Amino acid sequence: MRTEISDLDQLRAATDLRGAVLTGLDLTGEDVRGPLDGALFLGCLLSPALQRRAEAAGALTFPAIPDVPYDVYRTRLYTPAELFAGFDPTTPASYADTPDARIYRHSRRLGKHPDPLHALAERLHDHAITEALDEVLTGKPVAVMGGHALGRDSAGYRAAVDLGVALGRAGLTVLTGGGPGAMEAVPLGVRLADGGDVADVLGRISAAPGFGGDDESIGRWLAAFPTDLPSGPAPRTIGIPTWFYGHEPPNPACELHAKYFANSVREEGLLTVATGGIVYTPGKAGTVQEVFQDFCQNYYGSVGPAAPMVFLGKDFWLNEVPAAPLVQQLARGRDAERWIVVTDDVEEALAMLQEYQEG
């Protein structure tokens with residue numbers, strides 16, 4: 001496994017850089033000693049002498065890519081404060097000046113098929129995000145899927161908050177798609193699980209139940225969200241959104257965001273890292289797609305043992321959008337069968353998730 005070095009203290013402590021990955025370092029003034037065979041320099045600044053040594057040792061150097069509004073070689077996930085830096089709640093239209101909005105506009109200008117330089121930059125960024133996500137996740141995280149259109153003033157949003165409270169009190173790390181609606185409500189509940197007045201918070205944010213297609217509307221939605229939510233020493237709420245759907249900003253309820261350019265990478269990745277199972281709340285086509293992507297992984301065991309699939313909302317999943325019966329039929333006689341439940345009872349859902357955590 002390659003040694004990864006992203007700060008100068010790590011570098012100075014290293015005695016052998018063969019095969020190492022060095023990211024985002026200014027090495028122009030550093031006395032870099034030791035062999036460099038097979039090293040990989042990502043976005044580093046090298047002195048001419050070090051560049052010659054690296055080339056002679058067969059090391060590879062990928063320079064910083066200019067004129068992109070994001071760090072191609074970043075080594076950590078995003079925080080909401082980082083994505084929304086520069087936002088002024090008293091001036092909602094200032095959302096347009098945030099890194100999140102600027103990166104989305106940049107990606108839109110490039111279109112679906114960016115030139116090779118920018119395509120490479122996006123792929124390198126997304127790879128870095130996957131690496132950073134792997135470093136953060138521990139145990140068996142549980143994902144919650146559901147509709148993005150739930151207004152903050154709706155009964156469905158409140159139900160998703162209550163689900164989040166229950167998951168938080170159970171001590172689970174919760175992943176969502178990182179957007180609005182259920183994807184915001186669940187992590188909000190997780191963060192209120194150890195203290196916080198749910199009714200008070202919902203009353204405050206219901207002043208901006210949703211947003212339209214302009215920056216000012218998004219800014220009002222963002223400004224209504226409380227900035228004093230409790231956080232623990234380790235992140236319990238992680239969003240995995242995408243700039244492919246950048247017209248929907250990442251929600252401020254998640255403590256961290258693994259935000260991608262490629263929706264396909266993000267979508268498959270979210271399902272794969274949810275090793276503790278997935279709770280499906282009512283949703284439309286996107287949620288149904290996730291159901292069958294997840295079940296395919298469970299059916300074939302392609303990413304590990306079959307994990308729980310919890311369909312929360314019996315009438316919805318059995319009658320309105322009858323995905324659950326098909327999944328149950330396909331799972332008969334396979335390991336996945338015992339880990340599928342269709343229920344209206346959050347406690348029944350938690351019982352299955354906790355049984356799997358303990359197994």
# chains A, B, ... in the order shown; residues from 1 in each chain; ligands from 1
>>> residues_around(residues="Ala253 of chain A", least_positions_apart="2", cutoff="6 Å", atoms="only C-alpha atoms", output="list in words")
Glu184, Pro187, Leu188 and Asn251 of chain A
>>> closest_atom_pairs(of="segment 100-171 of chain A", to="segment 264-280 of chain A", cutoff="6 Å", atoms="only C-alpha atoms", output="CSV")
residue,atom,partner,partner_atom,distance
A:Lys140,CA,A:Gly276,CA,4.3
A:Pro141,CA,A:Gly276,CA,5.0
A:Val142,CA,A:Gly276,CA,4.8
A:Ala143,CA,A:Ile278,CA,4.7
A:Val144,CA,A:Val279,CA,4.7
A:Met145,CA,A:Tyr280,CA,5.0
>>> write_last_selection(atoms="N, CA and C atoms", output="PDB file, in the first residue's frame")
ATOM      1  N   LYS A 140     -20.051   0.226  10.398  1.00  0.00           N
ATOM      2  CA  LYS A 140     -21.008  -0.118   9.348  1.00  0.00           C
ATOM      3  C   LYS A 140     -22.006   1.025   9.179  1.00  0.00           C
ATOM      4  N   PRO A 141     -21.687   2.005   8.342  1.00  0.00           N
ATOM      5  CA  PRO A 141     -22.600   3.133   8.151  1.00  0.00           C
ATOM      6  C   PRO A 141     -23.919   2.689   7.523  1.00  0.00           C
ATOM      7  N   VAL A 142     -24.966   3.403   7.871  1.00  0.00           N
ATOM      8  CA  VAL A 142     -26.300   3.147   7.331  1.00  0.00           C
ATOM      9  C   VAL A 142     -26.701   4.324   6.452  1.00  0.00           C
ATOM     10  N   ALA A 143     -27.212   4.053   5.272  1.00  0.00           N
ATOM     11  CA  ALA A 143     -27.688   5.113   4.378  1.00  0.00           C
ATOM     12  C   ALA A 143     -29.207   5.207   4.455  1.00  0.00           C
ATOM     13  N   VAL A 144     -29.706   6.399   4.225  1.00  0.00           N
ATOM     14  CA  VAL A 144     -31.152   6.623   4.113  1.00  0.00           C
ATOM     15  C   VAL A 144     -31.415   7.285   2.768  1.00  0.00           C
ATOM     16  N   MET A 145     -32.300   6.684   1.990  1.00  0.00           N
ATOM     17  CA  MET A 145     -32.681   7.222   0.686  1.00  0.00           C
ATOM     18  C   MET A 145     -34.126   7.717   0.743  1.00  0.00           C
TER      19      MET A 145
END
>>> residues_around(residues="segment 165-168 of chain A", least_positions_apart="3", cutoff="8 Å", atoms="only C-alpha atoms", output="list in words")
Val161, Asp162, Gly171, Leu172, Thr173, Val174, Val186, Gly189, Val190, Arg191, Leu192, Ala193, Asp194, Arg236, Val346 and Leu350 of chain A
>>> write_last_selection(atoms="N, CA and C atoms", output="PDB file, in the first residue's frame")
ATOM      1  N   VAL A 161     -37.182  13.561   9.951  1.00  0.00           N
ATOM      2  CA  VAL A 161     -36.417  14.063  11.097  1.00  0.00           C
ATOM      3  C   VAL A 161     -36.517  13.080  12.262  1.00  0.00           C
ATOM      4  N   ASP A 162     -37.724  12.591  12.530  1.00  0.00           N
ATOM      5  CA  ASP A 162     -37.911  11.629  13.626  1.00  0.00           C
ATOM      6  C   ASP A 162     -37.127  10.344  13.377  1.00  0.00           C
ATOM      7  N   GLY A 171     -26.837   5.369  17.815  1.00  0.00           N
ATOM      8  CA  GLY A 171     -25.392   5.474  17.660  1.00  0.00           C
ATOM      9  C   GLY A 171     -24.872   5.151  16.270  1.00  0.00           C
ATOM     10  N   LEU A 172     -25.736   5.242  15.256  1.00  0.00           N
ATOM     11  CA  LEU A 172     -25.330   4.875  13.900  1.00  0.00           C
ATOM     12  C   LEU A 172     -24.741   6.067  13.142  1.00  0.00           C
ATOM     13  N   THR A 173     -23.777   5.803  12.280  1.00  0.00           N
ATOM     14  CA  THR A 173     -23.299   6.795  11.329  1.00  0.00           C
ATOM     15  C   THR A 173     -24.227   6.754  10.130  1.00  0.00           C
ATOM     16  N   VAL A 174     -24.763   7.911   9.745  1.00  0.00           N
ATOM     17  CA  VAL A 174     -25.831   7.973   8.745  1.00  0.00           C
ATOM     18  C   VAL A 174     -25.352   8.717   7.505  1.00  0.00           C
ATOM     19  N   VAL A 186     -33.191  13.813   7.570  1.00  0.00           N
ATOM     20  CA  VAL A 186     -32.634  12.714   8.359  1.00  0.00           C
ATOM     21  C   VAL A 186     -31.380  13.138   9.119  1.00  0.00           C
ATOM     22  N   GLY A 189     -32.202  15.266  12.049  1.00  0.00           N
ATOM     23  CA  GLY A 189     -32.651  14.480  13.196  1.00  0.00           C
ATOM     24  C   GLY A 189     -31.504  13.822  13.938  1.00  0.00           C
ATOM     25  N   VAL A 190     -30.534  13.290  13.184  1.00  0.00           N
ATOM     26  CA  VAL A 190     -29.371  12.659  13.826  1.00  0.00           C
ATOM     27  C   VAL A 190     -28.672  13.655  14.736  1.00  0.00           C
ATOM     28  N   ARG A 191     -28.510  14.872  14.265  1.00  0.00           N
ATOM     29  CA  ARG A 191     -27.777  15.871  15.041  1.00  0.00           C
ATOM     30  C   ARG A 191     -28.582  16.402  16.223  1.00  0.00           C
ATOM     31  N   LEU A 192     -29.891  16.248  16.174  1.00  0.00           N
ATOM     32  CA  LEU A 192     -30.741  16.663  17.296  1.00  0.00           C
ATOM     33  C   LEU A 192     -30.988  15.525  18.273  1.00  0.00           C
ATOM     34  N   ALA A 193     -30.448  14.346  17.984  1.00  0.00           N
ATOM     35  CA  ALA A 193     -30.753  13.167  18.794  1.00  0.00           C
ATOM     36  C   ALA A 193     -30.252  13.284  20.221  1.00  0.00           C
ATOM     37  N   ASP A 194     -29.126  13.948  20.425  1.00  0.00           N
ATOM     38  CA  ASP A 194     -28.533  14.030  21.763  1.00  0.00           C
ATOM     39  C   ASP A 194     -28.856  15.335  22.468  1.00  0.00           C
ATOM     40  N   ARG A 236     -21.132  11.986  12.376  1.00  0.00           N
ATOM     41  CA  ARG A 236     -22.179  10.962  12.348  1.00  0.00           C
ATOM     42  C   ARG A 236     -23.105  11.160  11.152  1.00  0.00           C
ATOM     43  N   VAL A 346     -40.610   2.280  12.892  1.00  0.00           N
ATOM     44  CA  VAL A 346     -39.193   2.655  12.955  1.00  0.00           C
ATOM     45  C   VAL A 346     -38.435   1.733  13.902  1.00  0.00           C
ATOM     46  N   LEU A 350     -35.088  -0.344  13.122  1.00  0.00           N
ATOM     47  CA  LEU A 350     -33.879  -0.233  13.931  1.00  0.00           C
ATOM     48  C   LEU A 350     -33.418  -1.587  14.442  1.00  0.00           C
TER      49      LEU A 350
END
>>> residues_around(residues="Ala81 of chain A", least_positions_apart="5", cutoff="12 Å", atoms="only C-alpha atoms", output="list of chain:residue names")
A:Gly86, A:Phe87, A:Asp88, A:Thr98, A:Pro99, A:Asp100, A:Leu222, A:Thr227, A:Pro250, A:Asn251, A:Pro252, A:Ala253, A:Cys254, A:Glu255, A:Leu256, A:His257
>>> write_last_selection(atoms="N, CA and C atoms", output="tab-separated table (two decimals), in the first residue's frame")
chain	number	residue	atom	x	y	z
A	86	GLY	N	-18.34	32.60	2.34
A	86	GLY	CA	-18.69	33.87	1.72
A	86	GLY	C	-20.18	34.15	1.69
A	87	PHE	N	-20.99	33.20	2.13
A	87	PHE	CA	-22.44	33.43	2.13
A	87	PHE	C	-22.81	34.36	3.28
A	88	ASP	N	-23.61	35.36	2.97
A	88	ASP	CA	-24.10	36.31	3.96
A	88	ASP	C	-25.61	36.12	4.12
A	98	THR	N	-20.50	31.66	-3.48
A	98	THR	CA	-19.92	30.58	-2.68
A	98	THR	C	-19.15	29.61	-3.57
A	99	PRO	N	-18.18	28.89	-3.00
A	99	PRO	CA	-17.49	27.87	-3.80
A	99	PRO	C	-18.44	26.86	-4.43
A	100	ASP	N	-19.47	26.46	-3.69
A	100	ASP	CA	-20.40	25.47	-4.23
A	100	ASP	C	-21.06	25.98	-5.51
A	222	LEU	N	-31.05	28.55	2.64
A	222	LEU	CA	-29.85	28.30	3.42
A	222	LEU	C	-29.81	29.17	4.68
A	227	THR	N	-27.34	27.47	12.71
A	227	THR	CA	-25.89	27.26	12.62
A	227	THR	C	-25.33	26.69	13.92
A	250	PRO	N	-26.01	21.28	-1.62
A	250	PRO	CA	-25.85	20.33	-0.53
A	250	PRO	C	-26.50	20.89	0.73
A	251	ASN	N	-27.05	20.03	1.55
A	251	ASN	CA	-27.74	20.54	2.73
A	251	ASN	C	-26.76	20.90	3.84
A	252	PRO	N	-27.11	21.88	4.69
A	252	PRO	CA	-26.23	22.28	5.78
A	252	PRO	C	-26.34	21.38	7.02
A	253	ALA	N	-27.19	20.36	6.98
A	253	ALA	CA	-27.36	19.49	8.15
A	253	ALA	C	-26.24	18.46	8.27
A	254	CYS	N	-25.67	18.03	7.16
A	254	CYS	CA	-24.59	17.04	7.21
A	254	CYS	C	-23.31	17.70	7.71
A	255	GLU	N	-22.59	16.98	8.56
A	255	GLU	CA	-21.34	17.52	9.08
A	255	GLU	C	-20.25	17.54	8.01
A	256	LEU	N	-20.28	16.58	7.11
A	256	LEU	CA	-19.31	16.50	6.03
A	256	LEU	C	-20.04	16.15	4.73
A	257	HIS	N	-19.43	16.55	3.62
A	257	HIS	CA	-19.96	16.18	2.31
A	257	HIS	C	-18.85	15.61	1.44
>>> closest_residue(among="A:Thr28, A:Phe84, A:Gly286, A:Arg53", to="Ala149 of chain A", atoms="only C-alpha atoms")
A:Gly286
